[in-house]
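K.L.:
Enclosed is the structure file coords.txt (compact mmCIF, N, CA and C atoms).
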```
# COMPACT_ATOMS: atom_id res chain seq x y z
N MET P 1 0.85 -1.17 0.00
CA MET P 1 0.00 0.00 0.00
C MET P 1 0.90 1.24 0.00
N ASN P 2 0.68 2.11 -0.98
CA ASN P 2 1.49 3.33 -1.02
C ASN P 2 0.94 4.36 -0.04
N LEU P 3 1.66 5.44 0.09
CA LEU P 3 1.33 6.47 1.08
C LEU P 3 -0.01 7.13 0.79
N ARG P 4 -0.29 7.35 -0.48
CA ARG P 4 -1.56 7.98 -0.88
C ARG P 4 -2.74 7.10 -0.46
N GLN P 5 -2.62 5.79 -0.66
CA GLN P 5 -3.67 4.86 -0.27
C GLN P 5 -3.83 4.81 1.25
N LYS P 6 -2.71 4.90 1.97
CA LYS P 6 -2.75 4.89 3.43
C LYS P 6 -3.52 6.11 3.94
N VAL P 7 -3.31 7.26 3.32
CA VAL P 7 -4.03 8.47 3.71
C VAL P 7 -5.53 8.27 3.52
N THR P 8 -5.90 7.69 2.39
CA THR P 8 -7.32 7.44 2.11
C THR P 8 -7.92 6.47 3.11
N GLU P 9 -7.19 5.40 3.43
CA GLU P 9 -7.69 4.42 4.40
C GLU P 9 -7.83 5.05 5.79
N ASP P 10 -6.86 5.87 6.17
CA ASP P 10 -6.93 6.55 7.47
C ASP P 10 -8.12 7.51 7.52
N MET P 11 -8.42 8.12 6.41
CA MET P 11 -9.57 9.02 6.33
C MET P 11 -10.86 8.24 6.58
N LYS P 12 -10.96 7.09 5.93
CA LYS P 12 -12.15 6.26 6.10
C LYS P 12 -12.29 5.79 7.55
N SER P 13 -11.18 5.38 8.16
CA SER P 13 -11.26 4.89 9.54
C SER P 13 -11.60 6.03 10.51
N ALA P 14 -11.09 7.23 10.24
CA ALA P 14 -11.42 8.38 11.09
C ALA P 14 -12.90 8.73 10.98
N MET P 15 -13.43 8.61 9.77
CA MET P 15 -14.86 8.89 9.57
C MET P 15 -15.71 7.84 10.28
N ARG P 16 -15.31 6.57 10.18
CA ARG P 16 -16.07 5.50 10.85
C ARG P 16 -16.04 5.67 12.37
N ALA P 17 -14.89 6.11 12.88
CA ALA P 17 -14.73 6.27 14.33
C ALA P 17 -15.38 7.55 14.84
N GLY P 18 -15.75 8.43 13.94
CA GLY P 18 -16.35 9.70 14.35
C GLY P 18 -15.34 10.68 14.91
N ASP P 19 -14.07 10.50 14.56
CA ASP P 19 -12.99 11.37 15.02
C ASP P 19 -12.92 12.60 14.11
N VAL P 20 -13.66 13.63 14.46
CA VAL P 20 -13.82 14.81 13.61
C VAL P 20 -12.50 15.56 13.42
N LYS P 21 -11.72 15.72 14.49
CA LYS P 21 -10.47 16.47 14.39
C LYS P 21 -9.48 15.76 13.45
N ARG P 22 -9.35 14.45 13.61
CA ARG P 22 -8.44 13.69 12.75
C ARG P 22 -8.94 13.71 11.30
N ARG P 23 -10.25 13.53 11.14
CA ARG P 23 -10.84 13.56 9.80
C ARG P 23 -10.53 14.88 9.10
N ASP P 24 -10.71 15.98 9.82
CA ASP P 24 -10.48 17.30 9.22
C ASP P 24 -9.01 17.49 8.85
N ALA P 25 -8.10 17.02 9.70
CA ALA P 25 -6.67 17.15 9.42
C ALA P 25 -6.29 16.32 8.19
N ILE P 26 -6.84 15.13 8.09
CA ILE P 26 -6.55 14.28 6.93
C ILE P 26 -7.17 14.86 5.66
N ARG P 27 -8.34 15.48 5.79
CA ARG P 27 -8.96 16.14 4.63
C ARG P 27 -8.08 17.26 4.09
N LEU P 28 -7.45 18.01 5.00
CA LEU P 28 -6.53 19.06 4.56
C LEU P 28 -5.38 18.45 3.75
N LEU P 29 -4.86 17.33 4.23
CA LEU P 29 -3.78 16.65 3.52
C LEU P 29 -4.27 16.15 2.16
N GLN P 30 -5.43 15.53 2.13
CA GLN P 30 -5.96 15.03 0.86
C GLN P 30 -6.19 16.17 -0.13
N ALA P 31 -6.66 17.29 0.35
CA ALA P 31 -6.89 18.44 -0.53
C ALA P 31 -5.58 18.94 -1.11
N ALA P 32 -4.54 19.00 -0.28
CA ALA P 32 -3.23 19.44 -0.76
C ALA P 32 -2.66 18.47 -1.79
N LEU P 33 -2.85 17.18 -1.54
CA LEU P 33 -2.36 16.17 -2.49
C LEU P 33 -3.12 16.26 -3.81
N LYS P 34 -4.43 16.40 -3.73
CA LYS P 34 -5.25 16.51 -4.93
C LYS P 34 -4.88 17.76 -5.72
N GLN P 35 -4.66 18.87 -5.02
CA GLN P 35 -4.27 20.11 -5.69
C GLN P 35 -2.96 19.93 -6.45
N LYS P 36 -2.01 19.27 -5.82
CA LYS P 36 -0.71 19.03 -6.45
C LYS P 36 -0.88 18.15 -7.69
N GLU P 37 -1.72 17.13 -7.59
CA GLU P 37 -1.96 16.24 -8.73
C GLU P 37 -2.62 16.99 -9.88
N VAL P 38 -3.58 17.83 -9.57
CA VAL P 38 -4.28 18.59 -10.61
C VAL P 38 -3.34 19.61 -11.25
N ASP P 39 -2.56 20.30 -10.42
CA ASP P 39 -1.64 21.32 -10.95
C ASP P 39 -0.60 20.71 -11.88
N GLU P 40 -0.06 19.56 -11.50
CA GLU P 40 1.02 18.95 -12.27
C GLU P 40 0.54 17.88 -13.24
N ARG P 41 -0.75 17.55 -13.17
CA ARG P 41 -1.36 16.53 -14.04
C ARG P 41 -0.61 15.20 -13.98
N VAL P 42 -0.27 14.78 -12.76
CA VAL P 42 0.39 13.50 -12.54
C VAL P 42 -0.21 12.85 -11.30
N GLU P 43 0.03 11.55 -11.17
CA GLU P 43 -0.34 10.85 -9.95
C GLU P 43 0.89 10.86 -9.05
N LEU P 44 0.73 11.29 -7.81
CA LEU P 44 1.87 11.46 -6.92
C LEU P 44 2.39 10.11 -6.42
N ASP P 45 3.72 9.98 -6.44
CA ASP P 45 4.35 8.82 -5.83
C ASP P 45 4.66 9.16 -4.37
N ASP P 46 5.22 8.21 -3.63
CA ASP P 46 5.48 8.43 -2.21
C ASP P 46 6.41 9.61 -1.96
N ALA P 47 7.43 9.79 -2.79
CA ALA P 47 8.37 10.90 -2.60
C ALA P 47 7.66 12.25 -2.76
N ALA P 48 6.78 12.34 -3.73
CA ALA P 48 6.03 13.59 -3.94
C ALA P 48 5.05 13.84 -2.80
N VAL P 49 4.45 12.78 -2.28
CA VAL P 49 3.53 12.92 -1.15
C VAL P 49 4.30 13.42 0.07
N ILE P 50 5.48 12.89 0.30
CA ILE P 50 6.31 13.32 1.42
C ILE P 50 6.69 14.79 1.27
N THR P 51 6.98 15.21 0.05
CA THR P 51 7.31 16.62 -0.19
C THR P 51 6.14 17.52 0.18
N VAL P 52 4.94 17.13 -0.20
CA VAL P 52 3.74 17.90 0.14
C VAL P 52 3.56 17.95 1.66
N ILE P 53 3.76 16.81 2.31
CA ILE P 53 3.60 16.76 3.77
C ILE P 53 4.64 17.64 4.45
N GLU P 54 5.89 17.61 3.96
CA GLU P 54 6.94 18.47 4.53
C GLU P 54 6.54 19.94 4.45
N LYS P 55 6.00 20.33 3.31
CA LYS P 55 5.58 21.71 3.12
C LYS P 55 4.46 22.06 4.11
N MET P 56 3.51 21.15 4.27
CA MET P 56 2.41 21.39 5.20
C MET P 56 2.91 21.47 6.64
N LEU P 57 3.86 20.62 6.99
CA LEU P 57 4.42 20.65 8.34
C LEU P 57 5.12 21.98 8.60
N LYS P 58 5.87 22.46 7.63
CA LYS P 58 6.56 23.74 7.79
C LYS P 58 5.55 24.87 7.99
N GLN P 59 4.49 24.85 7.20
CA GLN P 59 3.44 25.87 7.33
C GLN P 59 2.81 25.82 8.72
N ARG P 60 2.53 24.60 9.20
CA ARG P 60 1.90 24.45 10.51
C ARG P 60 2.82 24.95 11.62
N ARG P 61 4.09 24.62 11.52
CA ARG P 61 5.04 25.06 12.56
C ARG P 61 5.17 26.59 12.57
N ASP P 62 5.18 27.19 11.39
CA ASP P 62 5.23 28.65 11.32
C ASP P 62 3.96 29.25 11.95
N SER P 63 2.83 28.65 11.67
CA SER P 63 1.56 29.13 12.21
C SER P 63 1.54 29.01 13.73
N ILE P 64 2.05 27.91 14.24
CA ILE P 64 2.09 27.71 15.69
C ILE P 64 2.88 28.84 16.35
N THR P 65 4.04 29.15 15.78
CA THR P 65 4.88 30.23 16.32
C THR P 65 4.12 31.55 16.33
N GLN P 66 3.45 31.85 15.23
CA GLN P 66 2.72 33.12 15.13
C GLN P 66 1.52 33.15 16.08
N TYR P 67 0.80 32.04 16.19
CA TYR P 67 -0.36 32.00 17.08
C TYR P 67 0.06 32.15 18.54
N GLU P 68 1.17 31.51 18.90
CA GLU P 68 1.63 31.62 20.28
C GLU P 68 2.13 33.03 20.57
N ALA P 69 2.74 33.67 19.60
CA ALA P 69 3.19 35.06 19.78
C ALA P 69 2.00 36.00 19.96
N ALA P 70 0.89 35.65 19.30
CA ALA P 70 -0.32 36.47 19.40
C ALA P 70 -1.22 36.03 20.56
N GLU P 71 -0.71 35.07 21.36
CA GLU P 71 -1.44 34.54 22.51
C GLU P 71 -2.78 33.92 22.11
N ARG P 72 -2.78 33.20 21.00
CA ARG P 72 -3.97 32.47 20.55
C ARG P 72 -3.70 30.97 20.69
N GLN P 73 -3.66 30.50 21.93
CA GLN P 73 -3.32 29.11 22.20
C GLN P 73 -4.34 28.15 21.61
N ASP P 74 -5.62 28.56 21.50
CA ASP P 74 -6.64 27.70 20.93
C ASP P 74 -6.30 27.34 19.48
N LEU P 75 -5.87 28.32 18.71
CA LEU P 75 -5.49 28.06 17.31
C LEU P 75 -4.18 27.31 17.22
N ALA P 76 -3.25 27.60 18.12
CA ALA P 76 -1.97 26.89 18.14
C ALA P 76 -2.20 25.40 18.43
N ASP P 77 -3.14 25.09 19.32
CA ASP P 77 -3.42 23.69 19.65
C ASP P 77 -3.97 22.93 18.45
N ILE P 78 -4.80 23.59 17.65
CA ILE P 78 -5.33 22.96 16.44
C ILE P 78 -4.19 22.64 15.48
N GLU P 79 -3.29 23.59 15.29
CA GLU P 79 -2.14 23.39 14.40
C GLU P 79 -1.23 22.28 14.93
N LYS P 80 -1.04 22.22 16.24
CA LYS P 80 -0.20 21.17 16.84
C LYS P 80 -0.81 19.79 16.59
N PHE P 81 -2.11 19.69 16.69
CA PHE P 81 -2.77 18.42 16.41
C PHE P 81 -2.57 18.02 14.95
N GLU P 82 -2.69 18.99 14.04
CA GLU P 82 -2.48 18.70 12.63
C GLU P 82 -1.04 18.24 12.37
N VAL P 83 -0.08 18.83 13.07
CA VAL P 83 1.32 18.40 12.95
C VAL P 83 1.44 16.94 13.38
N GLU P 84 0.80 16.57 14.50
CA GLU P 84 0.85 15.19 14.97
C GLU P 84 0.28 14.23 13.93
N VAL P 85 -0.83 14.61 13.32
CA VAL P 85 -1.46 13.75 12.31
C VAL P 85 -0.54 13.61 11.09
N LEU P 86 0.04 14.71 10.64
CA LEU P 86 0.90 14.68 9.46
C LEU P 86 2.19 13.89 9.72
N GLN P 87 2.71 13.96 10.94
CA GLN P 87 3.95 13.26 11.29
C GLN P 87 3.81 11.75 11.09
N VAL P 88 2.61 11.23 11.22
CA VAL P 88 2.37 9.79 11.08
C VAL P 88 2.82 9.30 9.69
N TYR P 89 2.70 10.14 8.69
CA TYR P 89 2.98 9.74 7.32
C TYR P 89 4.44 9.96 6.91
N MET P 90 5.20 10.59 7.77
CA MET P 90 6.61 10.86 7.46
C MET P 90 7.46 9.63 7.80
N PRO P 91 8.54 9.42 7.03
CA PRO P 91 9.43 8.31 7.38
C PRO P 91 10.14 8.60 8.71
N LYS P 92 10.68 7.56 9.30
CA LYS P 92 11.39 7.70 10.57
C LYS P 92 12.56 8.67 10.41
N ALA P 93 12.65 9.61 11.32
CA ALA P 93 13.72 10.61 11.25
C ALA P 93 15.06 9.97 11.59
N LEU P 94 16.11 10.48 10.96
CA LEU P 94 17.45 9.98 11.22
C LEU P 94 17.99 10.57 12.52
N SER P 95 18.79 9.79 13.21
CA SER P 95 19.43 10.29 14.42
C SER P 95 20.60 11.20 14.02
N ASP P 96 21.11 11.96 14.98
CA ASP P 96 22.23 12.85 14.70
C ASP P 96 23.46 12.07 14.25
N VAL P 97 23.67 10.88 14.80
CA VAL P 97 24.82 10.05 14.44
C VAL P 97 24.69 9.61 12.98
N GLU P 98 23.51 9.13 12.60
CA GLU P 98 23.28 8.70 11.21
C GLU P 98 23.43 9.88 10.25
N LEU P 99 22.89 11.01 10.65
CA LEU P 99 22.96 12.22 9.84
C LEU P 99 24.41 12.64 9.64
N ASP P 100 25.18 12.61 10.71
CA ASP P 100 26.60 12.98 10.65
C ASP P 100 27.35 12.06 9.69
N ALA P 101 27.06 10.76 9.74
CA ALA P 101 27.73 9.81 8.86
C ALA P 101 27.41 10.09 7.39
N ILE P 102 26.16 10.39 7.09
CA ILE P 102 25.75 10.68 5.70
C ILE P 102 26.40 11.96 5.22
N ILE P 103 26.45 12.98 6.06
CA ILE P 103 27.08 14.26 5.68
C ILE P 103 28.57 14.07 5.44
N THR P 104 29.23 13.33 6.31
CA THR P 104 30.67 13.07 6.15
C THR P 104 30.93 12.33 4.84
N GLU P 105 30.09 11.37 4.53
CA GLU P 105 30.22 10.61 3.28
C GLU P 105 30.04 11.52 2.06
N ALA P 106 29.07 12.42 2.13
CA ALA P 106 28.81 13.34 1.01
C ALA P 106 30.00 14.27 0.81
N ILE P 107 30.55 14.78 1.88
CA ILE P 107 31.72 15.67 1.78
C ILE P 107 32.90 14.92 1.19
N ALA P 108 33.09 13.67 1.62
CA ALA P 108 34.19 12.85 1.10
C ALA P 108 34.00 12.54 -0.37
N SER P 109 32.75 12.32 -0.81
CA SER P 109 32.51 11.98 -2.22
C SER P 109 32.79 13.15 -3.15
N ILE P 110 32.58 14.38 -2.66
CA ILE P 110 32.92 15.55 -3.47
C ILE P 110 34.43 15.68 -3.55
N GLY P 111 35.09 15.33 -2.48
CA GLY P 111 36.55 15.29 -2.48
C GLY P 111 37.19 16.61 -2.11
N GLU P 112 38.42 16.51 -1.72
CA GLU P 112 39.18 17.67 -1.31
C GLU P 112 39.65 18.49 -2.50
N SER P 113 39.71 17.86 -3.69
CA SER P 113 40.23 18.58 -4.86
C SER P 113 39.33 19.76 -5.24
N GLY P 114 38.02 19.54 -5.16
CA GLY P 114 37.09 20.63 -5.46
C GLY P 114 36.87 21.47 -4.22
N SER P 115 36.53 22.72 -4.41
CA SER P 115 36.25 23.55 -3.25
C SER P 115 34.94 23.07 -2.63
N LEU P 116 34.94 22.96 -1.32
CA LEU P 116 33.77 22.45 -0.62
C LEU P 116 32.71 23.54 -0.55
N LYS P 117 31.76 23.46 -1.43
CA LYS P 117 30.69 24.43 -1.47
C LYS P 117 29.45 23.82 -0.84
N ILE P 118 28.83 24.59 0.00
CA ILE P 118 27.65 24.11 0.72
C ILE P 118 26.54 23.73 -0.26
N GLY P 119 26.39 24.50 -1.32
CA GLY P 119 25.34 24.22 -2.30
C GLY P 119 25.50 22.87 -2.95
N GLU P 120 26.74 22.51 -3.31
CA GLU P 120 26.99 21.21 -3.94
C GLU P 120 26.67 20.07 -2.98
N ILE P 121 27.11 20.25 -1.75
CA ILE P 121 26.89 19.20 -0.75
C ILE P 121 25.39 19.05 -0.47
N MET P 122 24.69 20.17 -0.33
CA MET P 122 23.25 20.12 -0.07
C MET P 122 22.50 19.49 -1.24
N ALA P 123 22.92 19.79 -2.46
CA ALA P 123 22.29 19.19 -3.64
C ALA P 123 22.47 17.68 -3.64
N LEU P 124 23.61 17.23 -3.16
CA LEU P 124 23.87 15.80 -3.08
C LEU P 124 23.05 15.14 -1.96
N LEU P 125 22.89 15.86 -0.86
CA LEU P 125 22.21 15.31 0.31
C LEU P 125 20.68 15.32 0.21
N LYS P 126 20.13 16.33 -0.46
CA LYS P 126 18.68 16.52 -0.46
C LYS P 126 17.90 15.27 -0.89
N PRO P 127 18.26 14.60 -1.99
CA PRO P 127 17.49 13.41 -2.37
C PRO P 127 17.60 12.27 -1.34
N LYS P 128 18.76 12.17 -0.71
CA LYS P 128 18.97 11.10 0.26
C LYS P 128 18.19 11.33 1.55
N LEU P 129 18.03 12.59 1.92
CA LEU P 129 17.47 12.92 3.22
C LEU P 129 16.03 13.43 3.17
N ALA P 130 15.43 13.45 2.01
CA ALA P 130 14.07 13.99 1.87
C ALA P 130 13.11 13.29 2.82
N GLY P 131 12.53 14.07 3.70
CA GLY P 131 11.56 13.55 4.65
C GLY P 131 12.16 12.88 5.87
N LYS P 132 13.47 12.66 5.86
CA LYS P 132 14.10 11.96 6.97
C LYS P 132 14.84 12.89 7.91
N ALA P 133 15.04 14.14 7.47
CA ALA P 133 15.76 15.10 8.31
C ALA P 133 15.33 16.51 7.95
N ASP P 134 15.41 17.39 8.92
CA ASP P 134 15.13 18.80 8.71
C ASP P 134 16.30 19.40 7.93
N MET P 135 16.02 19.90 6.74
CA MET P 135 17.12 20.37 5.88
C MET P 135 17.81 21.60 6.46
N GLY P 136 17.13 22.38 7.28
CA GLY P 136 17.77 23.50 7.96
C GLY P 136 18.84 23.01 8.92
N LYS P 137 18.51 21.94 9.64
CA LYS P 137 19.45 21.33 10.57
C LYS P 137 20.62 20.72 9.80
N VAL P 138 20.33 20.09 8.66
CA VAL P 138 21.37 19.49 7.83
C VAL P 138 22.33 20.57 7.34
N SER P 139 21.78 21.68 6.88
CA SER P 139 22.60 22.79 6.40
C SER P 139 23.53 23.29 7.50
N GLN P 140 23.00 23.39 8.70
CA GLN P 140 23.81 23.84 9.84
C GLN P 140 24.94 22.84 10.11
N PHE P 141 24.64 21.54 10.08
CA PHE P 141 25.67 20.52 10.28
C PHE P 141 26.76 20.61 9.20
N VAL P 142 26.33 20.82 7.95
CA VAL P 142 27.30 20.91 6.84
C VAL P 142 28.22 22.10 7.05
N LYS P 143 27.66 23.23 7.43
CA LYS P 143 28.47 24.43 7.68
C LYS P 143 29.49 24.18 8.78
N GLU P 144 29.07 23.49 9.85
CA GLU P 144 29.97 23.18 10.95
C GLU P 144 31.09 22.26 10.50
N LYS P 145 30.76 21.26 9.67
CA LYS P 145 31.75 20.30 9.19
C LYS P 145 32.80 20.96 8.31
N ILE P 146 32.34 21.86 7.45
CA ILE P 146 33.25 22.50 6.50
C ILE P 146 34.21 23.45 7.22
N SER P 147 33.69 24.19 8.20
CA SER P 147 34.58 25.16 8.86
C SER P 147 35.41 24.56 9.95
```
Show this structure as structure tokens.

P.N.:
Amino acid sequence: MNLRQKVTEDMKSAMRAGDVKRRDAIRLLQAALKQKEVDERVELDDAAVITVIEKMLKQRRDSITQYEAAERQDLADIEKFEVEVLQVYMPKALSDVELDAIITEAIASIGESGSLKIGEIMALLKPKLAGKADMGKVSQFVKEKIS
């Protein structure tokens, strides 16, 4: 069962269970996936679904920060719940040790002969780490390794 089918099955089970909050969060995800499919006129594979979920998670985290700054905890709680629901569909996150090993390997593969540019390293890492690590954190690790 691919990720898109899992989302659909989870939607059905949430509806059967009468879990309105979960149902609404999954509907938001389904709407975003459908919009992406319509815009690009393709059927999304798991990697594309993860990309959409990552974007939604980033939006939710930004919203949480803004709602808490505005002292709107009720809205922040809704966004936090949506983050929890979306996290279910993400692959298992890599530990710092695993992340460090992958970054070291990427730097070694570019080699000392070429100048170590963060952009080149990030371009090499992005496909490997999609959905498995926060790319902002990865960028910070790469900068630390290079300097």

K.L.:
State, in Å with one decimal place, the distance from atom C of P:Glu105 to atom C of P:Val52.

P.N.:
27.3 Å

K.L.:
Please determine, counting only C-alpha atoms, which residue among P:Val20, P:Met90, P:Ile103, P:Val38 has the shortest atom-to-atom distance to P:Lys126.

P.N.:
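Looking only at the distances to P:Lys126, the closest residue turns out to be P:Ile103.
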
K.L.:
Select, from P:Gln87, P:Gln5, P:Gln73, P:Thr65, the residue with the minimum atom-to-atom distance to P:Ile53, counting all atoms listed in the file.

P.N.:
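So, comparing all the options, the nearest one is P:Gln87.
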
K.L.:
Run DSSP on the backbone and grab whatever in chain P lands in helix (DSSP H, G or I); send it over as a count of residues only.

P.N.:
114

K.L.:
Expressed in Å to a single decimal, how great is the separation between atom CA of P:Val42 and atom CA of P:Val85?

P.N.:
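Computing the Euclidean distance for atom CA of P:Val42 and atom CA of P:Val85 yields 24.9 Å.
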
K.L.:
Write out as JSON, numbers by chain the residues lying within 12 Å of P:Asp10, counting only C-alpha atoms and excluding same-chain residues fewer than 5 positions away.

P.N.:
{"P": [3, 4, 5, 15, 16, 17, 19, 22, 23, 24, 25, 26, 27, 29, 30, 85, 86, 88, 89]}

K.L.:
Please provide as a PDB file with N, CA and C atoms, in the coordinates of the input all residues within 10 Å of P:Val83, with the sequence filter that same-chain residues fewer than 5 positions apart are discarded (counting only C-alpha atoms).

P.N.:
```
ATOM      1  N   ALA P  25      -8.100  17.020   9.700  1.00  0.00           N
ATOM      2  CA  ALA P  25      -6.670  17.150   9.420  1.00  0.00           C
ATOM      3  C   ALA P  25      -6.290  16.320   8.190  1.00  0.00           C
ATOM      4  N   ILE P  53       3.760  16.810   2.310  1.00  0.00           N
ATOM      5  CA  ILE P  53       3.600  16.760   3.770  1.00  0.00           C
ATOM      6  C   ILE P  53       4.640  17.640   4.450  1.00  0.00           C
ATOM      7  N   MET P  56       3.510  21.150   4.270  1.00  0.00           N
ATOM      8  CA  MET P  56       2.410  21.390   5.200  1.00  0.00           C
ATOM      9  C   MET P  56       2.910  21.470   6.640  1.00  0.00           C
ATOM     10  N   LEU P  57       3.860  20.620   6.990  1.00  0.00           N
ATOM     11  CA  LEU P  57       4.420  20.650   8.340  1.00  0.00           C
ATOM     12  C   LEU P  57       5.120  21.980   8.600  1.00  0.00           C
ATOM     13  N   LYS P  58       5.870  22.460   7.630  1.00  0.00           N
ATOM     14  CA  LYS P  58       6.560  23.740   7.790  1.00  0.00           C
ATOM     15  C   LYS P  58       5.550  24.870   7.990  1.00  0.00           C
ATOM     16  N   GLN P  59       4.490  24.850   7.200  1.00  0.00           N
ATOM     17  CA  GLN P  59       3.440  25.870   7.330  1.00  0.00           C
ATOM     18  C   GLN P  59       2.810  25.820   8.720  1.00  0.00           C
ATOM     19  N   ARG P  60       2.530  24.600   9.200  1.00  0.00           N
ATOM     20  CA  ARG P  60       1.900  24.450  10.510  1.00  0.00           C
ATOM     21  C   ARG P  60       2.820  24.950  11.620  1.00  0.00           C
ATOM     22  N   ARG P  61       4.090  24.620  11.520  1.00  0.00           N
ATOM     23  CA  ARG P  61       5.040  25.060  12.560  1.00  0.00           C
ATOM     24  C   ARG P  61       5.170  26.590  12.570  1.00  0.00           C
ATOM     25  N   ILE P  64       2.050  27.910  14.240  1.00  0.00           N
ATOM     26  CA  ILE P  64       2.090  27.710  15.690  1.00  0.00           C
ATOM     27  C   ILE P  64       2.880  28.840  16.350  1.00  0.00           C
ATOM     28  N   ASP P  77      -3.140  25.090  19.320  1.00  0.00           N
ATOM     29  CA  ASP P  77      -3.420  23.690  19.650  1.00  0.00           C
ATOM     30  C   ASP P  77      -3.970  22.930  18.450  1.00  0.00           C
ATOM     31  N   ILE P  78      -4.800  23.590  17.650  1.00  0.00           N
ATOM     32  CA  ILE P  78      -5.330  22.960  16.440  1.00  0.00           C
ATOM     33  C   ILE P  78      -4.190  22.640  15.480  1.00  0.00           C
ATOM     34  N   VAL P  88       2.610  11.230  11.220  1.00  0.00           N
ATOM     35  CA  VAL P  88       2.370   9.790  11.080  1.00  0.00           C
ATOM     36  C   VAL P  88       2.820   9.300   9.690  1.00  0.00           C
TER      37      VAL P  88
END
```

K.L.:
Report the distance between atom CA of P:Asp100 and atom CA of P:Phe141 in Å, rounded to one decimal place.

P.N.:
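Atom CA of P:Phe141 lies 7.6 Å from atom CA of P:Asp100.
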
K.L.:
Taking (30.0, 15.2, -1.0) in the file's coordinates as the center, which residues reach within 7 Å of it, counting only N, CA and C atoms, put as a PyMOL selection string?

P.N.:
chain P and resi 103-111+120-121+124

K.L.:
So that I can see what lies close to P:Ser95, please list as a list in words the residues with an atom at most 12 Å from it, counting only C-alpha atoms and leaving out residues fewer than 2 positions away in the same chain.

P.N.:
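Neighbouring residues, sequence-local ones excluded: Lys92, Ala93, Val97, Glu98, Leu99, Asp100, Ala101, Ile102, Leu129, Lys132, Ala133, Asp134, Lys137 and Val138 of chain P.
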
K.L.:
Smallest atom-to-atom distance to P:Ser147: which of P:Gln35, P:Met135, P:Lys117, P:Met122, using only C-alpha atoms?

P.N.:
P:Lys117
